[in-house]
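Peer 1: Contents of final_11.csv (CSV, C-alpha atoms) are below:
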chain,number,residue,atom,x,y,z
A,1,MET,CA,130.8,90.7,79.9
A,2,SER,CA,133.0,88.4,82.0
A,3,ASP,CA,135.0,89.5,85.0
A,4,TYR,CA,138.7,89.4,84.8
A,5,ASP,CA,141.7,90.6,86.8
A,6,LEU,CA,143.9,93.4,85.5
A,7,HIS,CA,147.6,92.7,86.0
A,8,TYR,CA,150.5,95.1,85.5
A,9,PRO,CA,153.6,94.2,83.5
A,10,LEU,CA,156.2,92.0,85.2
A,11,GLU,CA,154.0,91.1,88.1
A,12,ASN,CA,155.3,87.5,88.1
A,13,LEU,CA,158.9,88.5,87.8
A,14,ILE,CA,158.7,91.0,90.6
A,15,SER,CA,157.1,88.5,93.0
A,16,THR,CA,159.7,85.8,92.3
A,17,PHE,CA,162.9,87.9,92.1
A,18,HIS,CA,165.5,87.3,94.8
A,19,SER,CA,168.4,89.6,95.2
A,20,ASN,CA,171.8,89.0,96.7
A,21,ASN,CA,171.7,91.6,99.5
A,22,SER,CA,175.3,91.0,100.6
A,23,GLU,CA,177.0,92.9,97.7
A,24,GLN,CA,177.0,96.6,96.8
A,25,LYS,CA,174.5,97.4,94.1
A,26,ARG,CA,175.9,99.2,91.1
A,27,ALA,CA,172.7,99.2,88.9
A,28,PHE,CA,169.0,99.3,89.6
A,29,ILE,CA,166.0,98.5,87.5
A,30,ARG,CA,162.6,99.9,88.6
A,31,VAL,CA,159.3,98.9,87.0
A,32,GLU,CA,156.9,101.9,86.8
A,33,ASN,CA,153.5,100.3,86.9
A,34,ASP,CA,151.4,103.4,87.4
A,35,MET,CA,152.1,105.0,84.0
A,36,ASN,CA,149.6,105.8,81.3
A,37,PHE,CA,150.7,106.3,77.7
A,38,PHE,CA,149.1,108.0,74.8
A,39,LEU,CA,150.2,109.4,71.5
A,40,ILE,CA,149.5,112.9,70.4
A,41,ARG,CA,149.3,113.6,66.6
A,42,SER,CA,149.0,117.0,65.3
A,43,SER,CA,150.6,119.5,63.0
A,44,ASN,CA,153.6,121.2,64.7
A,45,ASP,CA,152.6,124.7,63.8
A,46,GLU,CA,152.7,127.4,66.5
A,47,LYS,CA,148.9,127.5,67.0
A,48,THR,CA,148.6,123.8,67.6
A,49,CYS,CA,151.7,123.5,69.8
A,50,GLY,CA,150.4,126.4,71.9
A,51,TYR,CA,147.0,124.6,72.2
A,52,ALA,CA,148.8,121.3,73.2
A,53,LYS,CA,150.7,123.3,75.8
A,54,GLU,CA,147.4,124.5,77.3
A,55,ILE,CA,146.0,121.0,77.4
A,56,LEU,CA,149.1,119.4,78.9
A,57,ASN,CA,150.4,122.3,81.0
A,58,GLN,CA,153.7,121.5,79.3
A,59,SER,CA,155.4,122.2,75.9
A,60,LEU,CA,155.8,119.6,73.2
A,61,PRO,CA,159.5,119.0,72.4
A,62,LEU,CA,160.0,120.2,68.8
A,63,LYS,CA,163.6,119.2,68.4
A,64,PHE,CA,164.1,115.7,67.0
A,65,ASN,CA,165.1,112.9,69.5
A,66,THR,CA,164.5,115.0,72.6
A,67,PHE,CA,162.0,114.8,75.5
A,68,ASN,CA,161.0,116.9,78.3
A,69,SER,CA,159.7,116.3,81.9
A,70,GLY,CA,157.2,118.1,83.9
A,71,ASN,CA,153.7,117.0,84.7
A,72,HIS,CA,154.4,114.3,82.1
A,73,GLU,CA,157.3,112.9,80.2
A,74,ILE,CA,156.8,113.9,76.5
A,75,TYR,CA,158.9,112.1,73.9
A,76,TRP,CA,159.4,113.4,70.4
A,77,LEU,CA,158.8,110.5,67.9
A,78,ARG,CA,158.3,112.2,64.6
A,79,PRO,CA,157.7,115.8,63.4
A,80,ASN,CA,154.0,115.5,64.1
A,81,GLU,CA,153.9,112.7,66.8
A,82,TRP,CA,154.8,112.5,70.5
A,83,LEU,CA,154.4,109.8,73.1
A,84,ILE,CA,153.2,111.1,76.5
A,85,ALA,CA,154.0,109.0,79.7
A,86,THR,CA,152.0,110.2,82.6
A,87,LYS,CA,150.3,109.2,85.9
A,88,GLU,CA,147.3,111.4,84.9
A,89,ASN,CA,144.2,109.7,83.5
A,90,ILE,CA,143.9,110.1,79.7
A,91,LYS,CA,140.2,111.0,80.0
A,92,SER,CA,141.0,114.1,82.0
A,93,ILE,CA,143.3,115.2,79.2
A,94,SER,CA,141.2,114.2,76.2
A,95,SER,CA,138.1,116.0,77.7
A,96,LYS,CA,139.9,119.3,77.3
A,97,ILE,CA,140.3,118.9,73.5
A,98,ASP,CA,138.4,121.2,71.2
A,99,GLN,CA,137.1,119.2,68.2
A,100,ASN,CA,137.9,122.2,65.9
A,101,ILE,CA,141.6,121.9,66.6
A,102,ASP,CA,143.8,119.5,64.6
A,103,ILE,CA,145.0,117.4,67.5
A,104,HIS,CA,144.4,113.7,68.2
A,105,ILE,CA,145.0,111.6,71.3
A,106,ILE,CA,145.4,107.8,71.0
A,107,ASP,CA,145.4,105.8,74.2
A,108,GLN,CA,148.4,103.4,74.3
A,109,SER,CA,148.3,102.5,78.1
A,110,GLY,CA,147.7,98.8,77.5
A,111,GLY,CA,150.5,98.6,75.0
A,112,PHE,CA,153.6,99.9,76.8
A,113,ALA,CA,155.5,99.3,80.0
A,114,GLN,CA,158.2,101.7,81.4
A,115,MET,CA,161.3,100.7,83.3
A,116,ARG,CA,163.9,103.0,84.8
A,117,LEU,CA,167.6,101.9,84.7
A,118,ASP,CA,170.0,103.7,86.9
A,119,GLY,CA,173.2,103.3,88.8
A,120,GLU,CA,176.9,103.7,88.0
A,121,ASN,CA,176.9,100.7,85.6
A,122,SER,CA,173.6,101.4,83.8
A,123,ARG,CA,175.3,102.5,80.6
A,124,ASP,CA,177.5,99.4,80.6
A,125,ILE,CA,174.3,97.2,80.7
A,126,LEU,CA,172.8,99.1,77.7
A,127,GLU,CA,176.0,98.8,75.7
A,128,LYS,CA,175.7,95.0,75.9
A,129,GLY,CA,172.6,94.9,73.7
A,130,CYS,CA,171.9,98.3,72.2
A,131,PRO,CA,173.2,99.4,68.8
A,132,LEU,CA,172.8,103.0,69.7
A,133,ASP,CA,176.0,104.8,70.8
A,134,VAL,CA,175.0,105.6,74.4
A,135,SER,CA,178.5,106.8,75.4
A,136,SER,CA,178.8,110.0,77.4
A,137,GLY,CA,178.8,113.1,75.1
A,138,VAL,CA,177.0,111.3,72.2
A,139,PHE,CA,173.7,110.3,73.9
A,140,SER,CA,173.1,112.8,76.8
A,141,ALA,CA,170.5,114.0,79.2
A,142,GLY,CA,167.4,115.2,77.5
A,143,MET,CA,167.8,112.9,74.5
A,144,CYS,CA,165.6,110.0,73.5
A,145,ALA,CA,165.6,107.6,70.6
A,146,GLN,CA,163.6,104.8,69.1
A,147,THR,CA,166.1,101.9,69.0
A,148,ASN,CA,166.6,98.2,69.9
A,149,LEU,CA,167.7,96.6,73.1
A,150,ALA,CA,168.3,92.8,73.0
A,151,LYS,CA,166.4,92.6,69.7
A,152,SER,CA,163.3,94.4,71.1
A,153,ASN,CA,162.1,97.8,69.9
A,154,ILE,CA,162.3,100.4,72.7
A,155,ILE,CA,162.2,104.1,73.3
A,156,LEU,CA,165.3,105.0,75.3
A,157,ALA,CA,165.6,108.3,77.1
A,158,GLN,CA,168.5,109.5,79.2
A,159,LEU,CA,167.2,111.4,82.2
A,160,ASP,CA,170.4,112.7,83.8
A,161,ASP,CA,174.2,112.4,83.7
A,162,SER,CA,174.4,109.9,86.6
A,163,PRO,CA,173.3,108.2,84.1
A,164,SER,CA,169.6,107.2,84.5
A,165,TYR,CA,167.4,106.0,81.7
A,166,ASN,CA,163.8,105.4,80.9
A,167,ILE,CA,163.1,102.3,78.8
A,168,ILE,CA,159.7,102.1,77.2
A,169,VAL,CA,158.9,98.7,75.7
A,170,ARG,CA,155.9,97.0,74.3
A,171,ARG,CA,154.0,95.3,77.1
A,172,SER,CA,154.2,91.9,75.5
A,173,PHE,CA,158.1,92.2,75.6
A,174,SER,CA,158.3,93.6,79.1
A,175,ASP,CA,159.1,90.3,80.9
A,176,TYR,CA,161.7,89.4,78.3
A,177,MET,CA,163.3,92.9,78.5
A,178,ALA,CA,163.4,92.9,82.3
A,179,GLU,CA,164.9,89.4,82.4
A,180,TRP,CA,167.5,90.4,79.8
A,181,ILE,CA,168.5,93.5,81.8
A,182,LEU,CA,168.7,91.5,85.0
A,183,ASN,CA,170.9,88.9,83.3
A,184,ALA,CA,173.1,91.6,81.7
A,185,GLY,CA,173.4,93.4,85.0
A,186,LYS,CA,174.4,90.3,87.1
A,187,GLU,CA,178.1,91.3,87.1
A,188,TYR,CA,177.1,94.7,88.6
A,189,ASN,CA,174.9,93.1,91.2
A,190,ILE,CA,171.8,94.7,89.8
A,191,GLU,CA,168.7,95.1,92.0
A,192,LEU,CA,165.1,95.0,90.9
A,193,VAL,CA,163.3,97.8,92.8
A,194,CYS,CA,159.5,97.5,93.3
Give the structure from the file, written as structure tokens.

Peer 2:
Amino acid sequence: MSDYDLHYPLENLISTFHSNNSEQKRAFIRVENDMNFFLIRSSNDEKTCGYAKEILNQSLPLKFNTFNSGNHEIYWLRPNEWLIATKENIKSISSKIDQNIDIHIIDQSGGFAQMRLDGENSRDILEKGCPLDVSSGVFSAGMCAQTNLAKSNIILAQLDDSPSYNIIVRRSFSDYMAEWILNAGKEYNIELVC
């Protein structure tokens, strides 16, 4: 087996980004490189959801297009599928699973990257390239959706009313997505936070 270096998404972009420090920042994009991702698939009956809560120390969101935060961020994707974003190692979670319970964990850590967009003009940036109505009162804190941003598939979650958002994108599109956000945020003097 050959040796190789592991790199996190957007490593090159982060190392070459230069900001204009003289102007007030009204939007920020932060790349979260220490996240692991995995899918949980199971039935959403009371017994299985209770078991998932024991494993994760956190409930699965059962209402469509919602997520919850705690030890992990858990995004509802379908009636029997959730995406978990966590700093915890997947092996420590999967080792707790009883093979007799109908619950399956699929590691997706190499497939996704997560960015956090916040600041007073974060919604304005999203509206430039997202077909989802992210206006206040329509898309609100605690909601998530699978949508597009700048022609890339993403999972978008609104964290709070400031507003702040998590953007989860396929790793292969992460450079493109970050560059698009930085370009769309130029008029708001966006800052890339490492």

Peer 1: Please measure the separation of CA of Gly110 (chain A) and CA of Asp34 (chain A), giving the value in Å to one decimal.

Peer 2: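 Those two atoms sit 11.5 Å apart.
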
Peer 1: Work out how far CA of Thr48 (chain A) is from CA of Ile90 (chain A), in Å to one decimal.

Peer 2: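 Computing it gives 18.9 Å between the two atoms.
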
Peer 1: Pick out the residues sitting within 7 Å of Val169 (chain A), and hand them over as a PyMOL selection string; count only C-alpha atoms, and ignore anything fewer than 4 positions along from it in its own chain.

Peer 2: chain A and resi 112-114+153-155+173-174

Peer 1: Using only C-alpha atoms, please write the residues we just selected to a file, as a PDB file, in the frame of the given file.

Peer 2:
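Below is the file that was written, again_18.pdb:
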ATOM      1  CA  PHE A 112     153.600  99.900  76.800  1.00  0.00           C
ATOM      2  CA  ALA A 113     155.500  99.300  80.000  1.00  0.00           C
ATOM      3  CA  GLN A 114     158.200 101.700  81.400  1.00  0.00           C
ATOM      4  CA  ASN A 153     162.100  97.800  69.900  1.00  0.00           C
ATOM      5  CA  ILE A 154     162.300 100.400  72.700  1.00  0.00           C
ATOM      6  CA  ILE A 155     162.200 104.100  73.300  1.00  0.00           C
ATOM      7  CA  PHE A 173     158.100  92.200  75.600  1.00  0.00           C
ATOM      8  CA  SER A 174     158.300  93.600  79.100  1.00  0.00           C
TER       9      SER A 174
END

Peer 1: Which protein, DNA or RNA residues have an atom at most 8 Å from (148.0, 119.2, 68.1), counting only C-alpha atoms? List them as JSON, numbers by chain.

Peer 2: {"A": [40, 41, 42, 43, 44, 48, 49, 51, 52, 101, 102, 103, 104]}

Peer 1: Please produce an output containing C-alpha atoms for each residue in the selection, written as a PDB file, in the coordinates of the input.

Peer 2:
ATOM      1  CA  ILE A  40     149.500 112.900  70.400  1.00  0.00           C
ATOM      2  CA  ARG A  41     149.300 113.600  66.600  1.00  0.00           C
ATOM      3  CA  SER A  42     149.000 117.000  65.300  1.00  0.00           C
ATOM      4  CA  SER A  43     150.600 119.500  63.000  1.00  0.00           C
ATOM      5  CA  ASN A  44     153.600 121.200  64.700  1.00  0.00           C
ATOM      6  CA  THR A  48     148.600 123.800  67.600  1.00  0.00           C
ATOM      7  CA  CYS A  49     151.700 123.500  69.800  1.00  0.00           C
ATOM      8  CA  TYR A  51     147.000 124.600  72.200  1.00  0.00           C
ATOM      9  CA  ALA A  52     148.800 121.300  73.200  1.00  0.00           C
ATOM     10  CA  ILE A 101     141.600 121.900  66.600  1.00  0.00           C
ATOM     11  CA  ASP A 102     143.800 119.500  64.600  1.00  0.00           C
ATOM     12  CA  ILE A 103     145.000 117.400  67.500  1.00  0.00           C
ATOM     13  CA  HIS A 104     144.400 113.700  68.200  1.00  0.00           C
TER      14      HIS A 104
END

Peer 1: Could you state the separation of CA of Gly142 (chain A) and CA of Thr66 (chain A) in Å, given to one decimal place?

Peer 2: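 So the answer is 5.7 Å.
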
Peer 1: Enclose the full set of atoms of region 135-148 of chain A listed in the file within a box whose edges lie along x, y and z, apply 6 Å of padding to each of the six sides, and report centre and edge lengths in Å to one decimal as AutoDock Vina command-line options.

Peer 2:
--center_x 171.2 --center_y 106.7 --center_z 74.1 --size_x 27.2 --size_y 29.0 --size_z 22.2

Peer 1: Compile the contact shell of Trp180 (chain A) as an MDAnalysis selection string: residues with an atom at most 12 Å away, counting only C-alpha atoms, same-chain residues fewer than 2 positions apart removed.

Peer 2: chainID A and resid 13 29 125:126 128:130 149:152 173:178 182:186 190

Peer 1: Between A:Tyr165, A:Phe37, A:Trp82, A:Trp76, which one has atoms that come closest to Glu120 (chain A), using only C-alpha atoms?

Peer 2: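 Distance minimum relative to Glu120 (chain A) lands on A:Tyr165.
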
Peer 1: Where atoms are missing, can you supply N, CA and C atoms for region 157-176 of chain A and output the lot as a PDB file, in the coordinates of the input?

Peer 2:
ATOM      1  N   ALA A 157     165.421 106.907  76.770  1.00  0.00           N
ATOM      2  CA  ALA A 157     165.600 108.300  77.100  1.00  0.00           C
ATOM      3  C   ALA A 157     166.596 108.425  78.257  1.00  0.00           C
ATOM      4  N   GLN A 158     167.581 109.306  78.101  1.00  0.00           N
ATOM      5  CA  GLN A 158     168.500 109.500  79.200  1.00  0.00           C
ATOM      6  C   GLN A 158     168.013 110.679  80.048  1.00  0.00           C
ATOM      7  N   LEU A 159     167.776 110.392  81.322  1.00  0.00           N
ATOM      8  CA  LEU A 159     167.200 111.400  82.200  1.00  0.00           C
ATOM      9  C   LEU A 159     168.172 112.338  82.813  1.00  0.00           C
ATOM     10  N   ASP A 160     169.371 111.856  83.126  1.00  0.00           N
ATOM     11  CA  ASP A 160     170.400 112.700  83.800  1.00  0.00           C
ATOM     12  C   ASP A 160     171.761 112.129  83.469  1.00  0.00           C
ATOM     13  N   ASP A 161     172.782 112.779  84.005  1.00  0.00           N
ATOM     14  CA  ASP A 161     174.200 112.400  83.700  1.00  0.00           C
ATOM     15  C   ASP A 161     174.693 111.336  84.702  1.00  0.00           C
ATOM     16  N   SER A 162     173.864 110.827  85.603  1.00  0.00           N
ATOM     17  CA  SER A 162     174.400 109.900  86.600  1.00  0.00           C
ATOM     18  C   SER A 162     174.839 108.521  85.995  1.00  0.00           C
ATOM     19  N   PRO A 163     174.453 107.930  84.923  1.00  0.00           N
ATOM     20  CA  PRO A 163     173.300 108.200  84.100  1.00  0.00           C
ATOM     21  C   PRO A 163     172.066 107.370  84.539  1.00  0.00           C
ATOM     22  N   SER A 164     170.870 107.910  84.315  1.00  0.00           N
ATOM     23  CA  SER A 164     169.600 107.200  84.500  1.00  0.00           C
ATOM     24  C   SER A 164     168.855 107.217  83.192  1.00  0.00           C
ATOM     25  N   TYR A 165     168.138 106.145  82.928  1.00  0.00           N
ATOM     26  CA  TYR A 165     167.400 106.000  81.700  1.00  0.00           C
ATOM     27  C   TYR A 165     165.993 105.526  81.889  1.00  0.00           C
ATOM     28  N   ASN A 166     165.090 105.987  81.047  1.00  0.00           N
ATOM     29  CA  ASN A 166     163.800 105.400  80.900  1.00  0.00           C
ATOM     30  C   ASN A 166     163.824 104.466  79.714  1.00  0.00           C
ATOM     31  N   ILE A 167     163.266 103.282  79.887  1.00  0.00           N
ATOM     32  CA  ILE A 167     163.100 102.300  78.800  1.00  0.00           C
ATOM     33  C   ILE A 167     161.660 102.009  78.652  1.00  0.00           C
ATOM     34  N   ILE A 168     161.109 102.357  77.502  1.00  0.00           N
ATOM     35  CA  ILE A 168     159.700 102.100  77.200  1.00  0.00           C
ATOM     36  C   ILE A 168     159.678 100.956  76.190  1.00  0.00           C
ATOM     37  N   VAL A 169     158.978  99.889  76.533  1.00  0.00           N
ATOM     38  CA  VAL A 169     158.900  98.700  75.700  1.00  0.00           C
ATOM     39  C   VAL A 169     157.496  98.248  75.540  1.00  0.00           C
ATOM     40  N   ARG A 170     157.212  97.558  74.457  1.00  0.00           N
ATOM     41  CA  ARG A 170     155.900  97.000  74.300  1.00  0.00           C
ATOM     42  C   ARG A 170     155.594  96.058  75.456  1.00  0.00           C
ATOM     43  N   ARG A 171     154.393  96.131  75.964  1.00  0.00           N
ATOM     44  CA  ARG A 171     154.000  95.300  77.100  1.00  0.00           C
ATOM     45  C   ARG A 171     154.278  93.859  76.940  1.00  0.00           C
ATOM     46  N   SER A 172     154.038  93.347  75.741  1.00  0.00           N
ATOM     47  CA  SER A 172     154.200  91.900  75.500  1.00  0.00           C
ATOM     48  C   SER A 172     155.703  91.506  75.565  1.00  0.00           C
ATOM     49  N   PHE A 173     156.631  92.472  75.473  1.00  0.00           N
ATOM     50  CA  PHE A 173     158.100  92.200  75.600  1.00  0.00           C
ATOM     51  C   PHE A 173     158.631  92.569  76.935  1.00  0.00           C
ATOM     52  N   SER A 174     157.808  93.064  77.843  1.00  0.00           N
ATOM     53  CA  SER A 174     158.300  93.600  79.100  1.00  0.00           C
ATOM     54  C   SER A 174     159.004  92.569  79.974  1.00  0.00           C
ATOM     55  N   ASP A 175     158.428  91.365  80.074  1.00  0.00           N
ATOM     56  CA  ASP A 175     159.100  90.300  80.900  1.00  0.00           C
ATOM     57  C   ASP A 175     160.435  89.954  80.290  1.00  0.00           C
ATOM     58  N   TYR A 176     160.458  89.735  78.984  1.00  0.00           N
ATOM     59  CA  TYR A 176     161.700  89.400  78.300  1.00  0.00           C
ATOM     60  C   TYR A 176     162.755  90.513  78.539  1.00  0.00           C
TER      61      TYR A 176
END
